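Undergrad: For reference, the structure I am asking about is given below.
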Amino acid sequence: MNENRLFAIFGNPVSHSRSPLMHNNVFKKLGYKGCYTRVRLEDGSRLKETFFTLKLQGANVTVPHKEAAFDACDEVRGFAKEIGVVNTLVNENGRLIGYNTDADGFLFAIEAFKDVRKVLIIGAGGTAKALAKKFKSQAYDVSVLNRSEGNLAYFKADGFHTYSWEDFKPEAYDLIVNTTSAGLSDENYPAPIELLTPLLKEARYAADAIYGRRTPFLQLCEKMDITYKDGADMLLGQGVLANNYFTQSNYTLESIQKHMAESFQY
Ligand code: NDP
């Protein structure tokens, strides 16, 4: 097929997204006729309609529409089905197929963190769900701390230790992960600093799903001398797997990863 295929990332906000640079570099270097752009979407219920109006071949979905993306799909495959959260969409003969590549992307990112068993996830949104389930499948001991009680119900029902800010007592965790959007475009911590300081004192590693800026959470990790990662490696990992779906496994993961990683130098 010779026609150029169009891809996009849906989110709100979305202007910060590196996904267009990442995917376009892969398309260009691998000689795939594709073009990847950004779409700021306010109303998640319009995702499917917008996807087909724009004649997209595939898309990624970011905050706050990953659960709406799950609802929009004609079929959801693999790990996304377990968690009800979709970050990758593919147009398969006019049907919208959903996948989730975030959790495997995160495992790729923390490969260098050794002997992690006890994990605290801060946040209870789509990313937290994906990571919590994935960690559990690897037999990690997982706790979830969130600002509001309501979004913890899903985790409670699934047997995770769950805490709101009000009932949380800091313990020693191997890894603390910020999956909230606090710090994405503001100067907020993901939890009150009175909770974070004793937590980080006892922790071995920290990670933030946010990329492209040193969040207040990561600034605090640095101040407290903890080994940490920002979301760039996670972004790379999820992007490689998404691109493999977009290009229908026609290229090796290694070649996709190589060219996607190059785009981080731009
Ligand atoms: P969701 O909208 O599904 O969830 C957001 C979560 O953040 C909720 O638990 C919410 O709490 C919490 N939250 C929002 N604002 C604050 C705040 N000021 N203080 C404390 N908690 C807050 O988002 P996602 O799970 O989809 O994404 C979360 C973050 O992860 C985003 O910043 C996104 O950019 C990043 N991300 C990065 C990826 C990467 O590849 N590096 C991949 C995926 C996501 P409440 O329930 O109380 O509302």
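Order determines the names: the first chain of the structure tokens is A, the second B, and so forth; residues in each chain are numbered 1 upward, and ligands are numbered 1 upward as they are shown.
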For the strand (DSSP E) assignment from backbone DSSP, which residues of stretch 63-150 of chain A qualify? Please present them as a list in words.
TA: Glu75, Val76, Thr88, Leu89, Val90, Asn91, Glu92, Arg95, Leu96, Ile97, Gly98, Tyr99, Lys118, Val119, Leu120, Ile121, Ile122, Asp141, Val142, Ser143, Val144, Leu145 and Asn146 of chain A
Undergrad: Can you spit out the residues from that selection as an mmCIF file, in the first residue's frame, using N, CA and C atoms?
TA:
```cif
data_model
loop_
_atom_site.group_PDB
_atom_site.id
_atom_site.type_symbol
_atom_site.label_atom_id
_atom_site.label_comp_id
_atom_site.auth_asym_id
_atom_site.auth_seq_id
_atom_site.Cartn_x
_atom_site.Cartn_y
_atom_site.Cartn_z
ATOM 1 N N GLU A 75 -12.908 -3.929 20.060
ATOM 2 C CA GLU A 75 -12.301 -5.111 20.664
ATOM 3 C C GLU A 75 -11.052 -4.679 21.433
ATOM 4 N N VAL A 76 -10.895 -5.236 22.633
ATOM 5 C CA VAL A 76 -9.704 -4.927 23.426
ATOM 6 C C VAL A 76 -8.917 -6.220 23.589
ATOM 7 N N THR A 88 -3.228 2.387 23.400
ATOM 8 C CA THR A 88 -2.867 2.236 21.987
ATOM 9 C C THR A 88 -4.081 1.746 21.203
ATOM 10 N N LEU A 89 -4.388 2.444 20.113
ATOM 11 C CA LEU A 89 -5.537 2.089 19.278
ATOM 12 C C LEU A 89 -5.060 1.778 17.865
ATOM 13 N N VAL A 90 -5.644 0.753 17.277
ATOM 14 C CA VAL A 90 -5.303 0.414 15.896
ATOM 15 C C VAL A 90 -6.595 0.237 15.105
ATOM 16 N N ASN A 91 -6.603 0.787 13.900
ATOM 17 C CA ASN A 91 -7.738 0.636 12.995
ATOM 18 C C ASN A 91 -7.536 -0.634 12.183
ATOM 19 N N GLU A 92 -8.313 -1.648 12.525
ATOM 20 C CA GLU A 92 -8.165 -2.927 11.821
ATOM 21 C C GLU A 92 -9.406 -3.118 10.951
ATOM 22 N N ARG A 95 -12.453 -1.481 12.306
ATOM 23 C CA ARG A 95 -12.775 -1.774 13.711
ATOM 24 C C ARG A 95 -11.677 -1.193 14.588
ATOM 25 N N LEU A 96 -12.106 -0.667 15.748
ATOM 26 C CA LEU A 96 -11.129 -0.034 16.640
ATOM 27 C C LEU A 96 -10.641 -1.073 17.654
ATOM 28 N N ILE A 97 -9.338 -1.392 17.589
ATOM 29 C CA ILE A 97 -8.756 -2.412 18.460
ATOM 30 C C ILE A 97 -7.875 -1.715 19.503
ATOM 31 N N GLY A 98 -8.028 -2.108 20.781
ATOM 32 C CA GLY A 98 -7.283 -1.445 21.861
ATOM 33 C C GLY A 98 -6.268 -2.356 22.533
ATOM 34 N N TYR A 99 -5.136 -1.741 22.906
ATOM 35 C CA TYR A 99 -4.064 -2.445 23.620
ATOM 36 C C TYR A 99 -3.566 -1.553 24.750
ATOM 37 N N LYS A 118 8.739 -4.742 47.398
ATOM 38 C CA LYS A 118 7.638 -4.020 48.031
ATOM 39 C C LYS A 118 7.508 -2.643 47.364
ATOM 40 N N VAL A 119 6.353 -2.412 46.762
ATOM 41 C CA VAL A 119 6.189 -1.203 45.940
ATOM 42 C C VAL A 119 5.011 -0.373 46.439
ATOM 43 N N LEU A 120 5.211 0.951 46.470
ATOM 44 C CA LEU A 120 4.091 1.860 46.738
ATOM 45 C C LEU A 120 3.806 2.656 45.470
ATOM 46 N N ILE A 121 2.568 2.557 44.993
ATOM 47 C CA ILE A 121 2.150 3.349 43.842
ATOM 48 C C ILE A 121 1.352 4.533 44.362
ATOM 49 N N ILE A 122 1.754 5.736 43.979
ATOM 50 C CA ILE A 122 0.973 6.920 44.349
ATOM 51 C C ILE A 122 0.106 7.278 43.151
ATOM 52 N N ASP A 141 4.798 -7.103 46.238
ATOM 53 C CA ASP A 141 3.833 -6.696 47.264
ATOM 54 C C ASP A 141 3.468 -5.228 46.959
ATOM 55 N N VAL A 142 2.207 -4.983 46.584
ATOM 56 C CA VAL A 142 1.840 -3.659 46.044
ATOM 57 C C VAL A 142 0.840 -2.921 46.939
ATOM 58 N N SER A 143 1.166 -1.666 47.278
ATOM 59 C CA SER A 143 0.236 -0.783 47.991
ATOM 60 C C SER A 143 -0.072 0.416 47.099
ATOM 61 N N VAL A 144 -1.268 0.980 47.283
ATOM 62 C CA VAL A 144 -1.678 2.137 46.467
ATOM 63 C C VAL A 144 -2.127 3.261 47.392
ATOM 64 N N LEU A 145 -1.568 4.440 47.177
ATOM 65 C CA LEU A 145 -1.916 5.625 47.974
ATOM 66 C C LEU A 145 -2.525 6.668 47.035
ATOM 67 N N ASN A 146 -3.722 7.149 47.351
ATOM 68 C CA ASN A 146 -4.348 8.132 46.458
ATOM 69 C C ASN A 146 -5.001 9.271 47.229
#
```
Undergrad: Which residues are close to stretch 186-193 of chain A, i.e. within 6 Å by only C-alpha atoms, leaving aside same-chain residues fewer than 4 positions away? Reply as an NGL selection string.
TA: :A and (182 or 197 or 216-217)
Undergrad: Any chance you could export the current selection's N, CA and C atoms as a PDB file, in the first residue's frame?
TA:
```
ATOM      1  N   ALA A 182       0.203  15.047  39.216  1.00  0.00           N
ATOM      2  CA  ALA A 182       0.745  16.166  40.010  1.00  0.00           C
ATOM      3  C   ALA A 182       2.180  16.418  39.563  1.00  0.00           C
ATOM      4  N   THR A 197       8.168  12.834  52.879  1.00  0.00           N
ATOM      5  CA  THR A 197       9.522  12.902  53.444  1.00  0.00           C
ATOM      6  C   THR A 197       9.876  11.625  54.222  1.00  0.00           C
ATOM      7  N   PRO A 216       8.367  18.227  41.101  1.00  0.00           N
ATOM      8  CA  PRO A 216       8.673  18.462  42.517  1.00  0.00           C
ATOM      9  C   PRO A 216       8.965  17.147  43.255  1.00  0.00           C
ATOM     10  N   PHE A 217       8.262  16.060  42.882  1.00  0.00           N
ATOM     11  CA  PHE A 217       8.520  14.747  43.499  1.00  0.00           C
ATOM     12  C   PHE A 217       9.964  14.311  43.241  1.00  0.00           C
TER      13      PHE A 217
END
```
Undergrad: Find the nearest atom pair between each residue of chain A and ligand 1 for residues within 6 Å, count only C-alpha atoms and all ligand atoms, give distances in Å to one decimal, sort rows by chain and ascending number, and present the table as a tab-separated table.
TA:
```
residue	atom	partner	partner_atom_place_in_ligand_line	distance
A:Thr62	CA	ligand 1	26 (O)	5.7
A:Val63	CA	ligand 1	26 (O)	4.3
A:Pro64	CA	ligand 1	2 (O)	4.3
A:Asp102	CA	ligand 1	42 (C)	5.6
A:Gly123	CA	ligand 1	9 (O)	3.7
A:Ala124	CA	ligand 1	9 (O)	3.7
A:Gly125	CA	ligand 1	3 (O)	3.3
A:Gly126	CA	ligand 1	25 (O)	3.9
A:Thr127	CA	ligand 1	25 (O)	3.6
A:Ala128	CA	ligand 1	25 (O)	5.7
A:Asn146	CA	ligand 1	9 (O)	5.8
A:Arg147	CA	ligand 1	47 (O)	4.2
A:Ser148	CA	ligand 1	47 (O)	3.9
A:Asn151	CA	ligand 1	46 (O)	5.0
A:Thr179	CA	ligand 1	30 (O)	4.8
A:Thr180	CA	ligand 1	7 (O)	3.2
A:Ser181	CA	ligand 1	32 (O)	3.6
A:Ala182	CA	ligand 1	18 (N)	4.3
A:Leu184	CA	ligand 1	32 (O)	5.3
A:Asn188	CA	ligand 1	18 (N)	5.6
A:Pro190	CA	ligand 1	20 (C)	4.2
A:Ala191	CA	ligand 1	20 (C)	5.6
A:Ala209	CA	ligand 1	37 (C)	4.2
A:Ile210	CA	ligand 1	35 (C)	4.7
A:Tyr211	CA	ligand 1	41 (N)	5.5
A:Gly231	CA	ligand 1	41 (N)	3.7
A:Ala232	CA	ligand 1	41 (N)	5.5
A:Met234	CA	ligand 1	40 (O)	4.5
A:Leu235	CA	ligand 1	40 (O)	3.1
```
Undergrad: Looking at only C-alpha atoms, which of A:Ala207, A:Cys35, A:Val26, A:Val61 is the one that sits closest to A:Glu3?
TA: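 Distance minimum relative to A:Glu3 lands on A:Cys35.
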Undergrad: List the spatial neighbours of A:Tyr32 as a ChimeraX atom specification - criterion: any atom at most 9 Å away, only C-alpha atoms, same-chain residues fewer than 3 positions off excluded.
TA: /A:4-5,26-29,247
Undergrad: Using only C-alpha atoms, find the one residue out of A:Ser19, A:Phe106, A:Gln138, A:Arg117 that sits nearest to A:Asn243.
TA: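 Ranking A:Ser19, A:Phe106, A:Gln138, A:Arg117 by distance to A:Asn243, first place goes to A:Ser19.
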